[in-house]
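Source file work-v8.pdb; content: PDB, C-alpha atoms and all ligand atoms.
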MODEL        1
ATOM      1  CA  MET A  98       4.942   8.154 -26.402
ATOM      2  CA  SER A  99       4.253  11.849 -26.482
ATOM      3  CA  ILE A 100       6.090  15.041 -25.717
ATOM      4  CA  LEU A 101       3.859  17.069 -23.421
ATOM      5  CA  PRO A 102       3.954  20.821 -22.779
ATOM      6  CA  ILE A 103       5.499  21.834 -19.452
ATOM      7  CA  VAL A 104       3.677  24.131 -17.027
ATOM      8  CA  THR A 105       5.534  27.202 -15.800
ATOM      9  CA  TYR A 106       6.363  28.342 -12.293
ATOM     10  CA  ASN A 107       3.239  30.370 -11.538
ATOM     11  CA  ASP A 108       0.772  27.661 -12.559
ATOM     12  CA  PRO A 109      -1.315  26.606  -9.521
ATOM     13  CA  VAL A 110      -0.878  22.914 -10.396
ATOM     14  CA  LEU A 111       2.760  23.162  -9.243
ATOM     15  CA  ARG A 112       1.538  24.172  -5.775
ATOM     16  CA  LYS A 113      -0.993  21.402  -5.232
ATOM     17  CA  LYS A 114      -0.561  18.244  -3.221
ATOM     18  CA  THR A 115       0.115  15.123  -5.272
ATOM     19  CA  THR A 116      -1.748  11.842  -4.798
ATOM     20  CA  PRO A 117       0.020   8.495  -4.257
ATOM     21  CA  VAL A 118      -0.253   5.979  -7.093
ATOM     22  CA  GLU A 119      -2.305   3.001  -5.932
ATOM     23  CA  GLU A 120      -1.529   0.387  -8.543
ATOM     24  CA  ASN A 121       0.609  -0.363 -11.536
ATOM     25  CA  SER A 122      -1.383   0.173 -14.706
ATOM     26  CA  GLU A 123      -1.063   0.849 -18.399
ATOM     27  CA  GLU A 124      -1.856   4.498 -17.668
ATOM     28  CA  LEU A 125       1.020   4.689 -15.196
ATOM     29  CA  GLN A 126       3.458   3.156 -17.682
ATOM     30  CA  THR A 127       2.279   5.582 -20.390
ATOM     31  CA  LEU A 128       2.659   8.490 -17.966
ATOM     32  CA  ILE A 129       6.236   7.431 -17.174
ATOM     33  CA  ASP A 130       7.090   6.971 -20.882
ATOM     34  CA  ASP A 131       5.649  10.393 -21.689
ATOM     35  CA  MET A 132       7.550  11.968 -18.809
ATOM     36  CA  PHE A 133      10.868  10.532 -20.044
ATOM     37  CA  GLU A 134      10.131  11.630 -23.608
ATOM     38  CA  THR A 135       9.197  15.136 -22.435
ATOM     39  CA  MET A 136      12.286  15.350 -20.216
ATOM     40  CA  TYR A 137      14.690  14.198 -22.963
ATOM     41  CA  ASN A 138      13.115  16.574 -25.468
ATOM     42  CA  SER A 139      13.786  19.521 -23.162
ATOM     43  CA  GLN A 140      17.302  18.316 -22.251
ATOM     44  CA  GLY A 141      16.279  18.028 -18.614
ATOM     45  CA  VAL A 142      17.744  15.607 -16.071
ATOM     46  CA  GLY A 143      14.564  15.253 -14.020
ATOM     47  CA  LEU A 144      10.832  15.823 -14.387
ATOM     48  CA  ALA A 145       7.983  15.551 -11.883
ATOM     49  CA  ALA A 146       4.375  14.716 -12.832
ATOM     50  CA  PRO A 147       2.947  18.112 -11.731
ATOM     51  CA  GLN A 148       5.185  19.733 -14.356
ATOM     52  CA  ILE A 149       3.013  18.165 -17.039
ATOM     53  CA  GLY A 150      -0.124  18.966 -15.065
ATOM     54  CA  LYS A 151      -0.607  15.522 -13.455
ATOM     55  CA  LEU A 152      -1.004  15.391  -9.703
ATOM     56  CA  HIS A 153       0.561  11.952  -9.174
ATOM     57  CA  ARG A 154       3.461  11.229  -6.834
ATOM     58  CA  VAL A 155       5.859  10.322  -9.629
ATOM     59  CA  PHE A 156       9.106  11.749 -10.882
ATOM     60  CA  VAL A 157      11.665  10.544 -13.411
ATOM     61  CA  MET A 158      15.384  11.164 -13.649
ATOM     62  CA  ASP A 159      18.163  10.439 -16.111
ATOM     63  CA  ALA A 160      21.239  12.446 -15.322
ATOM     64  CA  ASP A 161      23.736  10.414 -17.376
ATOM     65  CA  GLY A 162      24.161  13.216 -19.913
ATOM     66  CA  VAL A 163      25.620  15.341 -17.117
ATOM     67  CA  THR A 164      27.208  12.728 -14.835
ATOM     68  CA  GLU A 165      29.352  11.453 -17.709
ATOM     69  CA  GLU A 166      31.068  14.833 -17.507
ATOM     70  CA  ILE A 167      31.517  14.880 -13.712
ATOM     71  CA  GLN A 168      34.153  12.824 -11.973
ATOM     72  CA  ASP A 169      32.982  10.450  -9.219
ATOM     73  CA  GLU A 170      29.307  10.692 -10.198
ATOM     74  CA  PRO A 171      27.662   7.341 -11.096
ATOM     75  CA  ASN A 172      25.763   6.822 -14.348
ATOM     76  CA  LEU A 173      22.455   5.389 -13.160
ATOM     77  CA  GLY A 174      20.456   5.426 -16.382
ATOM     78  CA  PRO A 175      16.742   6.244 -16.514
ATOM     79  CA  MET A 176      14.982   5.901 -13.156
ATOM     80  CA  ALA A 177      11.331   6.339 -12.184
ATOM     81  CA  PHE A 178      10.346   7.127  -8.580
ATOM     82  CA  ILE A 179       6.769   6.281  -7.596
ATOM     83  CA  ASN A 180       5.393   7.332  -4.170
ATOM     84  CA  PRO A 181       8.857   8.354  -2.932
ATOM     85  CA  LYS A 182       9.447   9.032   0.769
ATOM     86  CA  ILE A 183      12.464  10.733   2.274
ATOM     87  CA  VAL A 184      14.025   8.346   4.793
ATOM     88  CA  GLU A 185      16.728  10.746   5.935
ATOM     89  CA  PHE A 186      18.974  13.605   5.005
ATOM     90  CA  THR A 187      22.638  13.339   5.946
ATOM     91  CA  GLY A 188      25.759  15.395   5.555
ATOM     92  CA  GLU A 189      26.316  19.103   5.726
ATOM     93  CA  LYS A 190      24.248  21.560   3.782
ATOM     94  CA  VAL A 191      25.894  22.413   0.481
ATOM     95  CA  LYS A 192      25.268  25.080  -2.120
ATOM     96  CA  MET A 193      24.748  23.977  -5.728
ATOM     97  CA  GLU A 194      23.331  25.686  -8.760
ATOM     98  CA  GLU A 195      19.847  24.562  -9.807
ATOM     99  CA  GLY A 196      17.515  25.194 -12.683
ATOM    100  CA  CYS A 197      14.039  23.908 -13.507
ATOM    101  CA  LEU A 198      12.210  23.157 -16.762
ATOM    102  CA  SER A 199       9.219  25.042 -15.328
ATOM    103  CA  ILE A 200      11.388  28.130 -14.748
ATOM    104  CA  PRO A 201      13.374  28.285 -18.012
ATOM    105  CA  GLU A 202      16.728  30.096 -18.011
ATOM    106  CA  VAL A 203      16.601  30.935 -14.307
ATOM    107  CA  ARG A 204      19.495  29.379 -12.393
ATOM    108  CA  ASP A 205      20.687  29.994  -8.865
ATOM    109  CA  ASP A 206      22.509  28.444  -5.924
ATOM    110  CA  VAL A 207      20.379  26.527  -3.441
ATOM    111  CA  LYS A 208      21.536  25.152  -0.078
ATOM    112  CA  ARG A 209      20.402  21.596   0.692
ATOM    113  CA  PRO A 210      21.661  18.592   2.672
ATOM    114  CA  ALA A 211      24.476  16.779   0.852
ATOM    115  CA  ASN A 212      22.893  13.309   0.843
ATOM    116  CA  VAL A 213      19.399  11.890   0.799
ATOM    117  CA  ARG A 214      18.081   8.401   1.513
ATOM    118  CA  ILE A 215      14.791   7.760  -0.234
ATOM    119  CA  SER A 216      12.361   4.848  -0.486
ATOM    120  CA  TYR A 217      10.136   4.466  -3.542
ATOM    121  CA  LEU A 218       8.556   2.043  -5.983
ATOM    122  CA  ASP A 219      10.362   1.604  -9.286
ATOM    123  CA  ARG A 220       8.431   1.357 -12.545
ATOM    124  CA  ASN A 221       7.920  -2.386 -12.007
ATOM    125  CA  PHE A 222       6.229  -1.433  -8.712
ATOM    126  CA  GLU A 223       9.045  -3.005  -6.711
ATOM    127  CA  GLU A 224      10.127  -1.400  -3.430
ATOM    128  CA  GLN A 225      13.522   0.257  -3.444
ATOM    129  CA  GLU A 226      15.526   2.226  -0.929
ATOM    130  CA  LYS A 227      18.658   4.078  -1.955
ATOM    131  CA  THR A 228      21.050   6.756  -0.791
ATOM    132  CA  PHE A 229      22.048   9.423  -3.290
ATOM    133  CA  GLU A 230      25.058  11.655  -2.910
ATOM    134  CA  GLY A 231      26.656  14.572  -4.661
ATOM    135  CA  TRP A 232      25.052  16.112  -7.679
ATOM    136  CA  ILE A 233      22.511  13.266  -8.145
ATOM    137  CA  SER A 234      21.264  13.824  -4.600
ATOM    138  CA  ARG A 235      20.547  17.375  -5.666
ATOM    139  CA  VAL A 236      18.404  16.246  -8.609
ATOM    140  CA  VAL A 237      16.467  13.801  -6.400
ATOM    141  CA  GLN A 238      15.788  16.474  -3.744
ATOM    142  CA  HIS A 239      14.701  19.028  -6.354
ATOM    143  CA  GLU A 240      12.261  16.590  -8.010
ATOM    144  CA  PHE A 241      10.920  15.373  -4.675
ATOM    145  CA  ASP A 242      10.164  18.996  -3.783
ATOM    146  CA  HIS A 243       7.894  19.240  -6.853
ATOM    147  CA  LEU A 244       5.688  16.484  -5.403
ATOM    148  CA  GLU A 245       5.272  18.652  -2.282
ATOM    149  CA  GLY A 246       4.379  21.759  -4.274
ATOM    150  CA  VAL A 247       7.797  23.338  -3.665
ATOM    151  CA  LEU A 248       9.959  25.052  -6.299
ATOM    152  CA  PHE A 249      13.643  25.888  -6.029
ATOM    153  CA  LEU A 250      12.679  29.569  -6.117
ATOM    154  CA  ASP A 251      11.133  29.037  -2.667
ATOM    155  CA  HIS A 252      14.602  28.332  -1.283
ATOM    156  CA  LEU A 253      15.942  31.701  -2.475
ATOM    157  CA  SER A 254      15.931  34.931  -0.515
ATOM    158  CA  ARG A 255      13.520  37.660  -1.551
ATOM    159  CA  PHE A 256      16.504  39.663  -2.743
ATOM    160  CA  LYS A 257      17.695  36.871  -5.015
ATOM    161  CA  ARG A 258      14.235  36.322  -6.387
ATOM    162  CA  ARG A 259      14.008  39.985  -7.256
ATOM    163  CA  PHE A 260      17.215  39.569  -9.205
ATOM    164  CA  HIS A 261      15.379  37.145 -11.530
ATOM    165  CA  LYS A 262      12.294  39.350 -11.847
ATOM    166  CA  SER A 263      12.593  40.326 -15.523
ATOM    167  CA  LEU A 264      12.982  36.696 -16.627
ATOM    168  CA  LEU A 265      10.151  35.595 -14.346
ATOM    169  CA  THR A 266       7.878  38.273 -15.791
ATOM    170  CA  LYS A 267       8.655  37.076 -19.314
ATOM    171  CA  ILE A 268       7.817  33.492 -18.328
ATOM    172  CA  ASP A 269       4.653  34.799 -16.705
ATOM    173  CA  GLU A 270       3.613  36.632 -19.849
ATOM    174  CA  GLY A 271       4.521  33.704 -22.090
ATOM    175  CA  THR A 272       7.009  35.790 -24.065
ATOM    176  CA  LEU A 273      10.143  33.812 -23.240
ATOM    177  CA  GLU A 274      11.238  31.585 -26.123
ATOM    178  CA  THR A 275      12.212  28.025 -25.226
ATOM    179  CA  ASP A 276      13.437  25.037 -27.220
ATOM    180  CA  TYR A 277      10.651  22.905 -25.759
ATOM    181  CA  PRO A 278       6.879  23.355 -25.545
ATOM    182  CA  LEU A 279       5.397  25.143 -22.532
ATOM    183  CA  VAL A 280       1.728  25.298 -21.634
ATOM    184  CA  PRO A 281       0.595  28.451 -23.464
ATOM    185  CA  LYS A 282      -0.113  31.632 -21.505
ATOM    186  CA  ASN A 283      -2.716  34.368 -21.787
ATOM    187  CA  VAL A 284      -5.233  31.932 -23.213
ATOM    188  CA  ASP A 285      -8.049  34.247 -22.066
ATOM    189  CA  LYS A 286      -6.731  37.116 -24.127
ATOM    190  CA  GLN A 287      -6.378  35.140 -27.370
ATOM    191  CA  VAL A 288     -10.019  35.417 -28.418
TER     192      VAL A 288
HETATM  193 NI    NI B 301      12.102  21.553 -11.358
ENDMDL
END

Please go through the file and, once you have read it, give me the structure as structure tokens.
Amino acid sequence: MSILPIVTYNDPVLRKKTTPVEENSEELQTLIDDMFETMYNSQGVGLAAPQIGKLHRVFVMDADGVTEEIQDEPNLGPMAFINPKIVEFTGEKVKMEEGCLSIPEVRDDVKRPANVRISYLDRNFEEQEKTFEGWISRVVQHEFDHLEGVLFLDHLSRFKRRFHKSLLTKIDEGTLETDYPLVPKNVDKQV
């Protein structure tokens, strides 16, 4: 297993369409292992393949580190979602704070539907369909967005985005220090 560097918010790979996985393979299992390792190393609760530069429709999640602290949230353990499809959104829209490993240190409230029902293949390539609620639903919706080329910043108003400008510029320039490896910036200039 390897810890891979994470691409940051302005990298074009985060805006591209992802391709469905056609079959279970050793490569897929390695990808999933690497994604978990990378996510745990950066203390994240979710990670989508485009964040490590791979355009596959895969994301992983393990929110137990957080859900153990929140009442009424289930501990689901590590989960891999392959070729996920949103079946339906239910419930009112709710505001919750989000962050993203590709946008280090930036956090803000995002409004999304309370619950999501999603179908997907698990890492054994078996079909699953589940409804997620509460905080976990938020993680699932955020990671699913990554597979569509959408970042949580896109859900913020222009005003709110401007509020984060100095941090975003630092990320852009590659001068923000993080506890986990990012894909290096300004490669052209480092001759
Ligand atoms: Ni994210």

Mind dumping a table of every region 225-259 of chain A residue within 9 Å of region 112-127 of chain A, with the nearest atom pair and its distance in Å to one decimal, using all atoms listed in the file, sorted by chain and rising number, as JSON lines?
{"residue": "A:His243", "atom": "CA", "partner": "A:Arg112", "partner_atom": "CA", "distance": 8.1}
{"residue": "A:Leu244", "atom": "CA", "partner": "A:Thr115", "partner_atom": "CA", "distance": 5.7}
{"residue": "A:Glu245", "atom": "CA", "partner": "A:Lys114", "partner_atom": "CA", "distance": 5.9}
{"residue": "A:Gly246", "atom": "CA", "partner": "A:Arg112", "partner_atom": "CA", "distance": 4.0}
{"residue": "A:Val247", "atom": "CA", "partner": "A:Arg112", "partner_atom": "CA", "distance": 6.7}
{"residue": "A:Leu248", "atom": "CA", "partner": "A:Arg112", "partner_atom": "CA", "distance": 8.5}

Next, write the just-selected residues to a file, as a PDB file, keeping the file's coordinate frame, keeping C-alpha atoms as the atom set.
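Output file again26.pdb is given in full below:
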ATOM      1  CA  HIS A 243       7.894  19.240  -6.853  1.00  0.00           C
ATOM      2  CA  LEU A 244       5.688  16.484  -5.403  1.00  0.00           C
ATOM      3  CA  GLU A 245       5.272  18.652  -2.282  1.00  0.00           C
ATOM      4  CA  GLY A 246       4.379  21.759  -4.274  1.00  0.00           C
ATOM      5  CA  VAL A 247       7.797  23.338  -3.665  1.00  0.00           C
ATOM      6  CA  LEU A 248       9.959  25.052  -6.299  1.00  0.00           C
TER       7      LEU A 248
END

Box in all listed atoms of region 183-192 of chain A, axis-aligned, with 6 Å more on each side; write out centre and edge lengths in Å to one decimal as lines of an AutoDock Vina configuration file.
center_x = 19.4
center_y = 16.7
center_z = 1.9
size_x = 25.9
size_y = 28.7
size_z = 20.1

When you draw a straight line from CA of Asn221 (chain A) to CA of Asp159 (chain A), how long is it in Å?
->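 For CA of Asn221 (chain A) relative to CA of Asp159 (chain A), the distance reads 16.9 Å.
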
Give one line per residue of chain A that approaches ligand NI 301 (chain B) to at most 7 Å, naming the two atoms of the closest pair and their distance in Å to one decimal, counting all atoms listed in the file; sort by chain then ascending residue number and deliver it as a Markdown table.
| residue | atom | partner | partner_atom | distance |
| --- | --- | --- | --- | --- |
| A:Leu144 | CA | B:NI301 | NI | 6.6 |
| A:Gly196 | CA | B:NI301 | NI | 6.7 |
| A:Cys197 | CA | B:NI301 | NI | 3.7 |
| A:Leu198 | CA | B:NI301 | NI | 5.6 |
| A:Ser199 | CA | B:NI301 | NI | 6.0 |
| A:His239 | CA | B:NI301 | NI | 6.2 |
| A:Glu240 | CA | B:NI301 | NI | 6.0 |
| A:His243 | CA | B:NI301 | NI | 6.6 |
| A:Leu248 | CA | B:NI301 | NI | 6.5 |

Residues as selected, C-alpha atoms, written as a CSV table (one decimal), keeping the file's coordinate frame, can you do that?
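part-v9.csv written:
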chain,number,residue,atom,x,y,z
A,144,LEU,CA,10.8,15.8,-14.4
A,196,GLY,CA,17.5,25.2,-12.7
A,197,CYS,CA,14.0,23.9,-13.5
A,198,LEU,CA,12.2,23.2,-16.8
A,199,SER,CA,9.2,25.0,-15.3
A,239,HIS,CA,14.7,19.0,-6.4
A,240,GLU,CA,12.3,16.6,-8.0
A,243,HIS,CA,7.9,19.2,-6.9
A,248,LEU,CA,10.0,25.1,-6.3

With all atoms listed in the file as the atoms that count, which of A:Met176, A:Ile233, A:Met98, A:Val191 lies nearest to Thr164 (chain A)?
->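 Residue with the minimum atom-to-atom distance to Thr164 (chain A): A:Ile233.
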
Please write as a PDB file with C-alpha atoms, in the frame of the given file the full residue list that the PyMOL selection byres (((chain A and resi 140) around 10) and not hetatm) yields on this file.
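Result file is selection-v6.pdb:
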ATOM      1  CA  GLU A 134      10.131  11.630 -23.608  1.00  0.00           C
ATOM      2  CA  THR A 135       9.197  15.136 -22.435  1.00  0.00           C
ATOM      3  CA  MET A 136      12.286  15.350 -20.216  1.00  0.00           C
ATOM      4  CA  TYR A 137      14.690  14.198 -22.963  1.00  0.00           C
ATOM      5  CA  ASN A 138      13.115  16.574 -25.468  1.00  0.00           C
ATOM      6  CA  SER A 139      13.786  19.521 -23.162  1.00  0.00           C
ATOM      7  CA  GLY A 141      16.279  18.028 -18.614  1.00  0.00           C
ATOM      8  CA  VAL A 142      17.744  15.607 -16.071  1.00  0.00           C
ATOM      9  CA  GLY A 143      14.564  15.253 -14.020  1.00  0.00           C
ATOM     10  CA  ALA A 160      21.239  12.446 -15.322  1.00  0.00           C
ATOM     11  CA  GLY A 162      24.161  13.216 -19.913  1.00  0.00           C
ATOM     12  CA  LEU A 198      12.210  23.157 -16.762  1.00  0.00           C
ATOM     13  CA  ASP A 276      13.437  25.037 -27.220  1.00  0.00           C
ATOM     14  CA  TYR A 277      10.651  22.905 -25.759  1.00  0.00           C
TER      15      TYR A 277
END

Selected residue, from A:Pro210, A:Gly188, A:Pro201, A:Pro278, that lies nearest to Ser99 (chain A) when counting all atoms listed in the file =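 Closest residue, counting all atoms listed in the file: A:Pro278.
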
Among listed residues A:Val213, A:Ile149, A:Ile129, A:Ile268, nearest Val184 (chain A) (using all atoms listed in the file) |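 Of all the options, A:Val213 lies closest to Val184 (chain A).
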
Run the PyMOL selection byres (((chain A and resi 215) around 7) and not hetatm) mentally over the shown coordinates, then write out the matched residues as a PDB file with C-alpha atoms, in the coordinates of the input, using the chain letters and numbers from the document.
ATOM      1  CA  PRO A 181       8.857   8.354  -2.932  1.00  0.00           C
ATOM      2  CA  LYS A 182       9.447   9.032   0.769  1.00  0.00           C
ATOM      3  CA  ILE A 183      12.464  10.733   2.274  1.00  0.00           C
ATOM      4  CA  VAL A 184      14.025   8.346   4.793  1.00  0.00           C
ATOM      5  CA  VAL A 213      19.399  11.890   0.799  1.00  0.00           C
ATOM      6  CA  ARG A 214      18.081   8.401   1.513  1.00  0.00           C
ATOM      7  CA  SER A 216      12.361   4.848  -0.486  1.00  0.00           C
ATOM      8  CA  TYR A 217      10.136   4.466  -3.542  1.00  0.00           C
ATOM      9  CA  GLU A 226      15.526   2.226  -0.929  1.00  0.00           C
ATOM     10  CA  LYS A 227      18.658   4.078  -1.955  1.00  0.00           C
ATOM     11  CA  THR A 228      21.050   6.756  -0.791  1.00  0.00           C
TER      12      THR A 228
END
